[in-house]
Amino acid sequence: MKLIQPLNPSPQIDVDSLELISHSPEQTQRLGVRIGELALPGDIFLLTGGLGTGKTCLTQGIAWGLNIEEYAFSPSFVIVRELYGRLPLYHIDLYRLDHIEEIEELGLDDYLYGNGVCVVEWAEKGLSVLPREHLLIQISYLSDTERSFQLKPSGKHYLEILAQLKTFSFKS
Ligand SMILES: Nc1ncnc2c1ncn2[C@@H]1O[C@H](COP(=O)(O)OP(=O)(O)OP(=O)(O)O)[C@@H](O)[C@H]1O
Ligand SMILES: [Mg+2]
């Protein structure tokens with residue numbers, strides 16, 4: 001008889017996670033606002049998902065939650081955009097980068113390990129060189145107007161943010 005070994009869960013992965021379904025760009029922005037309100041200096045939010053899933057839309061909300069008046073346009077030609085509100089927001093977009101070395105050469109450490117809030121679009125391109133402690137936000141396209149947001153914390157601080165977001169409701 002063959003014994004099937006159970007797979008040990010990796011100790012680095014926090015099992016706690018949260019899924020929220022947004023039904024409109026406005027709801028996605030509202031989630032972003034809540035995340036921006038909860039953000040503390042040095043926070044890292046890593047956004048993944050395909051083209052046009054709503055990463056920039058969520059970032060706009062995060063900017064508003066940090067009392068940034070300016071609209072967080074998709075930084076199409078710049079990789080890092082600095083915006084200033086209650087805290088600095090470093091909006092990083094790795095879309096144009098294809099190799100991990102290119103990301104390392106950018107010298108993002110001052111942003112990633114500074115006192116601002118970093119939001120990284122296309123974080124899947126650089127997960128191995130981005131801070132190990134972060135809130136991962138995986139966005140999936142469900143329909144024209146619906147998106148799923150899977151929030152996965154790594155590290156105690158992000159578990160606390162997740163706990164606060166568990167009471168979040170899209171209705172204001
Ligand atoms: N529930 C929703 N949440 C967010 N965006 C939505 C939603 N429903 C429809 N949309 C639309 O999806 C698009 C999202 O665009 P956005 O620029 O935020 O995506 P992105 O993930 O940043 O794309 P890219 O990969 O090009 O950077 C917008 O046109 C927005 O109106
Ligand atoms: Mg974008």
# chains A, B, ... in the order shown; residues from 1 in each chain; ligands from 1

$ residues_near_ligand --ligand "ligand 2" --cutoff "7 Å" --atoms "only C-alpha atoms and all ligand atoms" --output "number ranges by chain"
A: 52, 54-56, 74, 121

$ closest_atom_pairs --of "segment 37-104 of chain A" --to "segment 138-147 of chain A" --cutoff "10 Å" --atoms "only C-alpha atoms" --output "JSON lines"
{"residue": "A:Leu46", "atom": "CA", "partner": "A:Gln138", "partner_atom": "CA", "distance": 8.2}
{"residue": "A:Leu47", "atom": "CA", "partner": "A:Gln138", "partner_atom": "CA", "distance": 6.0}
{"residue": "A:Thr48", "atom": "CA", "partner": "A:Gln138", "partner_atom": "CA", "distance": 4.9}
{"residue": "A:Gly49", "atom": "CA", "partner": "A:Ile139", "partner_atom": "CA", "distance": 4.8}
{"residue": "A:Gly50", "atom": "CA", "partner": "A:Ser140", "partner_atom": "CA", "distance": 7.4}
{"residue": "A:Leu51", "atom": "CA", "partner": "A:Tyr141", "partner_atom": "CA", "distance": 9.4}
{"residue": "A:Gly52", "atom": "CA", "partner": "A:Tyr141", "partner_atom": "CA", "distance": 8.6}
{"residue": "A:Thr53", "atom": "CA", "partner": "A:Tyr141", "partner_atom": "CA", "distance": 5.8}
{"residue": "A:Gly54", "atom": "CA", "partner": "A:Ile139", "partner_atom": "CA", "distance": 7.4}
{"residue": "A:Lys55", "atom": "CA", "partner": "A:Ile139", "partner_atom": "CA", "distance": 7.6}
{"residue": "A:Leu58", "atom": "CA", "partner": "A:Ile139", "partner_atom": "CA", "distance": 9.9}

$ select_by_dssp --residues "segment 8-160 of chain A" --states "alpha helix (DSSP H)" --output "PDB file with N, CA and C atoms, in the first residue's frame"
ATOM      1  N   PRO A  25     -15.916  50.607 -11.118  1.00  0.00           N
ATOM      2  CA  PRO A  25     -14.668  51.330 -10.843  1.00  0.00           C
ATOM      3  C   PRO A  25     -14.784  52.161  -9.556  1.00  0.00           C
ATOM      4  N   GLU A  26     -15.967  52.713  -9.304  1.00  0.00           N
ATOM      5  CA  GLU A  26     -16.152  53.542  -8.104  1.00  0.00           C
ATOM      6  C   GLU A  26     -15.974  52.699  -6.839  1.00  0.00           C
ATOM      7  N   GLN A  27     -16.489  51.456  -6.871  1.00  0.00           N
ATOM      8  CA  GLN A  27     -16.309  50.580  -5.698  1.00  0.00           C
ATOM      9  C   GLN A  27     -14.826  50.259  -5.508  1.00  0.00           C
ATOM     10  N   THR A  28     -14.135  50.038  -6.611  1.00  0.00           N
ATOM     11  CA  THR A  28     -12.690  49.740  -6.515  1.00  0.00           C
ATOM     12  C   THR A  28     -11.961  50.938  -5.915  1.00  0.00           C
ATOM     13  N   GLN A  29     -12.332  52.134  -6.347  1.00  0.00           N
ATOM     14  CA  GLN A  29     -11.706  53.334  -5.783  1.00  0.00           C
ATOM     15  C   GLN A  29     -12.003  53.439  -4.296  1.00  0.00           C
ATOM     16  N   ARG A  30     -13.229  53.084  -3.907  1.00  0.00           N
ATOM     17  CA  ARG A  30     -13.610  53.156  -2.493  1.00  0.00           C
ATOM     18  C   ARG A  30     -12.764  52.196  -1.652  1.00  0.00           C
ATOM     19  N   LEU A  31     -12.507  51.015  -2.182  1.00  0.00           N
ATOM     20  CA  LEU A  31     -11.610  50.076  -1.482  1.00  0.00           C
ATOM     21  C   LEU A  31     -10.221  50.709  -1.356  1.00  0.00           C
ATOM     22  N   GLY A  32      -9.767  51.330  -2.456  1.00  0.00           N
ATOM     23  CA  GLY A  32      -8.460  52.002  -2.425  1.00  0.00           C
ATOM     24  C   GLY A  32      -8.406  53.087  -1.367  1.00  0.00           C
ATOM     25  N   VAL A  33      -9.473  53.877  -1.279  1.00  0.00           N
ATOM     26  CA  VAL A  33      -9.508  54.954  -0.275  1.00  0.00           C
ATOM     27  C   VAL A  33      -9.308  54.366   1.121  1.00  0.00           C
ATOM     28  N   ARG A  34     -10.004  53.265   1.400  1.00  0.00           N
ATOM     29  CA  ARG A  34      -9.891  52.627   2.730  1.00  0.00           C
ATOM     30  C   ARG A  34      -8.452  52.159   2.978  1.00  0.00           C
ATOM     31  N   ILE A  35      -7.843  51.575   1.949  1.00  0.00           N
ATOM     32  CA  ILE A  35      -6.455  51.112   2.099  1.00  0.00           C
ATOM     33  C   ILE A  35      -5.538  52.321   2.347  1.00  0.00           C
ATOM     34  N   GLY A  36      -5.774  53.401   1.602  1.00  0.00           N
ATOM     35  CA  GLY A  36      -4.968  54.618   1.787  1.00  0.00           C
ATOM     36  C   GLY A  36      -5.130  55.198   3.189  1.00  0.00           C
ATOM     37  N   GLU A  37      -6.352  55.138   3.717  1.00  0.00           N
ATOM     38  CA  GLU A  37      -6.591  55.663   5.064  1.00  0.00           C
ATOM     39  C   GLU A  37      -5.853  54.837   6.128  1.00  0.00           C
ATOM     40  N   LEU A  38      -5.754  53.529   5.868  1.00  0.00           N
ATOM     41  CA  LEU A  38      -5.107  52.634   6.844  1.00  0.00           C
ATOM     42  C   LEU A  38      -3.585  52.633   6.725  1.00  0.00           C
ATOM     43  N   LYS A  55      -5.759  48.037 -11.554  1.00  0.00           N
ATOM     44  CA  LYS A  55      -4.662  48.380 -10.631  1.00  0.00           C
ATOM     45  C   LYS A  55      -4.549  49.896 -10.451  1.00  0.00           C
ATOM     46  N   THR A  56      -4.607  50.623 -11.581  1.00  0.00           N
ATOM     47  CA  THR A  56      -4.483  52.082 -11.481  1.00  0.00           C
ATOM     48  C   THR A  56      -5.718  52.669 -10.818  1.00  0.00           C
ATOM     49  N   CYS A  57      -6.874  52.089 -11.112  1.00  0.00           N
ATOM     50  CA  CYS A  57      -8.128  52.528 -10.504  1.00  0.00           C
ATOM     51  C   CYS A  57      -8.030  52.411  -8.969  1.00  0.00           C
ATOM     52  N   LEU A  58      -7.521  51.279  -8.487  1.00  0.00           N
ATOM     53  CA  LEU A  58      -7.356  51.083  -7.044  1.00  0.00           C
ATOM     54  C   LEU A  58      -6.340  52.089  -6.495  1.00  0.00           C
ATOM     55  N   THR A  59      -5.281  52.327  -7.267  1.00  0.00           N
ATOM     56  CA  THR A  59      -4.233  53.258  -6.825  1.00  0.00           C
ATOM     57  C   THR A  59      -4.786  54.677  -6.697  1.00  0.00           C
ATOM     58  N   GLN A  60      -5.685  55.041  -7.602  1.00  0.00           N
ATOM     59  CA  GLN A  60      -6.320  56.362  -7.497  1.00  0.00           C
ATOM     60  C   GLN A  60      -6.999  56.507  -6.144  1.00  0.00           C
ATOM     61  N   GLY A  61      -7.725  55.447  -5.753  1.00  0.00           N
ATOM     62  CA  GLY A  61      -8.393  55.461  -4.450  1.00  0.00           C
ATOM     63  C   GLY A  61      -7.382  55.554  -3.318  1.00  0.00           C
ATOM     64  N   ILE A  62      -6.303  54.789  -3.409  1.00  0.00           N
ATOM     65  CA  ILE A  62      -5.280  54.826  -2.348  1.00  0.00           C
ATOM     66  C   ILE A  62      -4.747  56.259  -2.217  1.00  0.00           C
ATOM     67  N   ALA A  63      -4.501  56.902  -3.369  1.00  0.00           N
ATOM     68  CA  ALA A  63      -4.010  58.291  -3.354  1.00  0.00           C
ATOM     69  C   ALA A  63      -5.015  59.192  -2.627  1.00  0.00           C
ATOM     70  N   TRP A  64      -6.282  59.037  -2.936  1.00  0.00           N
ATOM     71  CA  TRP A  64      -7.303  59.874  -2.268  1.00  0.00           C
ATOM     72  C   TRP A  64      -7.333  59.587  -0.779  1.00  0.00           C
ATOM     73  N   GLY A  65      -7.170  58.318  -0.414  1.00  0.00           N
ATOM     74  CA  GLY A  65      -7.157  57.939   1.012  1.00  0.00           C
ATOM     75  C   GLY A  65      -5.968  58.528   1.758  1.00  0.00           C
ATOM     76  N   ILE A 100      14.304  40.663 -14.428  1.00  0.00           N
ATOM     77  CA  ILE A 100      14.469  40.984 -13.018  1.00  0.00           C
ATOM     78  C   ILE A 100      15.681  41.912 -12.812  1.00  0.00           C
ATOM     79  N   GLU A 101      16.720  41.751 -13.655  1.00  0.00           N
ATOM     80  CA  GLU A 101      17.926  42.589 -13.528  1.00  0.00           C
ATOM     81  C   GLU A 101      17.571  44.053 -13.771  1.00  0.00           C
ATOM     82  N   GLU A 102      16.657  44.285 -14.716  1.00  0.00           N
ATOM     83  CA  GLU A 102      16.263  45.677 -15.016  1.00  0.00           C
ATOM     84  C   GLU A 102      15.636  46.309 -13.784  1.00  0.00           C
ATOM     85  N   ILE A 103      14.871  45.512 -13.051  1.00  0.00           N
ATOM     86  CA  ILE A 103      14.198  46.032 -11.865  1.00  0.00           C
ATOM     87  C   ILE A 103      15.233  46.319 -10.780  1.00  0.00           C
ATOM     88  N   GLU A 104      16.189  45.408 -10.633  1.00  0.00           N
ATOM     89  CA  GLU A 104      17.235  45.606  -9.629  1.00  0.00           C
ATOM     90  C   GLU A 104      18.051  46.855  -9.950  1.00  0.00           C
ATOM     91  N   GLU A 105      18.303  47.095 -11.249  1.00  0.00           N
ATOM     92  CA  GLU A 105      19.135  48.233 -11.659  1.00  0.00           C
ATOM     93  C   GLU A 105      18.438  49.576 -11.440  1.00  0.00           C
ATOM     94  N   ASP A 109      15.277  50.910  -3.950  1.00  0.00           N
ATOM     95  CA  ASP A 109      15.315  50.678  -2.497  1.00  0.00           C
ATOM     96  C   ASP A 109      14.947  51.911  -1.671  1.00  0.00           C
ATOM     97  N   ASP A 110      15.351  53.101  -2.154  1.00  0.00           N
ATOM     98  CA  ASP A 110      15.003  54.309  -1.390  1.00  0.00           C
ATOM     99  C   ASP A 110      13.497  54.461  -1.273  1.00  0.00           C
ATOM    100  N   TYR A 111      12.785  54.027  -2.298  1.00  0.00           N
ATOM    101  CA  TYR A 111      11.324  54.069  -2.252  1.00  0.00           C
ATOM    102  C   TYR A 111      10.784  52.919  -1.412  1.00  0.00           C
ATOM    103  N   LEU A 112      11.289  51.712  -1.701  1.00  0.00           N
ATOM    104  CA  LEU A 112      10.729  50.511  -1.092  1.00  0.00           C
ATOM    105  C   LEU A 112      11.006  50.410   0.408  1.00  0.00           C
ATOM    106  N   LYS A 156       3.251  40.458  10.031  1.00  0.00           N
ATOM    107  CA  LYS A 156       2.283  40.780  11.085  1.00  0.00           C
ATOM    108  C   LYS A 156       1.540  42.091  10.807  1.00  0.00           C
ATOM    109  N   HIS A 157       2.292  43.106  10.398  1.00  0.00           N
ATOM    110  CA  HIS A 157       1.666  44.410  10.165  1.00  0.00           C
ATOM    111  C   HIS A 157       0.549  44.304   9.118  1.00  0.00           C
ATOM    112  N   TYR A 158       0.795  43.517   8.067  1.00  0.00           N
ATOM    113  CA  TYR A 158      -0.192  43.421   6.990  1.00  0.00           C
ATOM    114  C   TYR A 158      -1.381  42.536   7.391  1.00  0.00           C
ATOM    115  N   LEU A 159      -1.121  41.624   8.330  1.00  0.00           N
ATOM    116  CA  LEU A 159      -2.246  40.857   8.898  1.00  0.00           C
ATOM    117  C   LEU A 159      -3.176  41.798   9.653  1.00  0.00           C
ATOM    118  N   GLU A 160      -2.569  42.812  10.303  1.00  0.00           N
ATOM    119  CA  GLU A 160      -3.394  43.784  11.032  1.00  0.00           C
ATOM    120  C   GLU A 160      -4.218  44.628  10.058  1.00  0.00           C
TER     121      GLU A 160
END

$ residues_around --residues "Lys125 of chain A" --least-positions-apart "5" --cutoff "8 Å" --atoms "only C-alpha atoms" --output "NGL selection string"
:A and (94-95 or 97-100)

$ closest_residue --among "A:Ile44, A:Leu87, A:Leu108, A:Ala123" --to "ligand 1" --atoms "only C-alpha atoms and all ligand atoms"
A:Ala123

$ closest_residue --among "A:Ser128, A:Asn67, A:Ser148, A:Ser169" --to "ligand 1" --atoms "only C-alpha atoms and all ligand atoms"
A:Ser148

$ select_by_dssp --residues "chain A" --states "strand (DSSP E)" --output "ChimeraX atom specification"
/A:18-22,44-48,80-84,88-93,117-121,134-141,147-154

$ atom_distance --atom1 "atom 28 (C, counted along the ligand's line) of ligand 1" --atom2 "atom CA of Gly126 of chain A"
23.6 Å

$ closest_residue --among "A:Leu127, A:Leu136, A:Asp16, A:Ser22" --to "Asp43 of chain A" --atoms "only C-alpha atoms"
A:Leu136

$ closest_residue --among "A:Asp93, A:Ser17, A:Ala163, A:Tyr113" --to "ligand 1" --atoms "only C-alpha atoms and all ligand atoms"
A:Asp93

$ closest_residue --among "A:Val117, A:Leu106, A:Leu40, A:Ile79" --to "ligand 1" --atoms "only C-alpha atoms and all ligand atoms"
A:Ile79

$ closest_residue --among "A:Glu70, A:His134, A:Trp122, A:Gln150" --to "ligand 1" --atoms "only C-alpha atoms and all ligand atoms"
A:Trp122
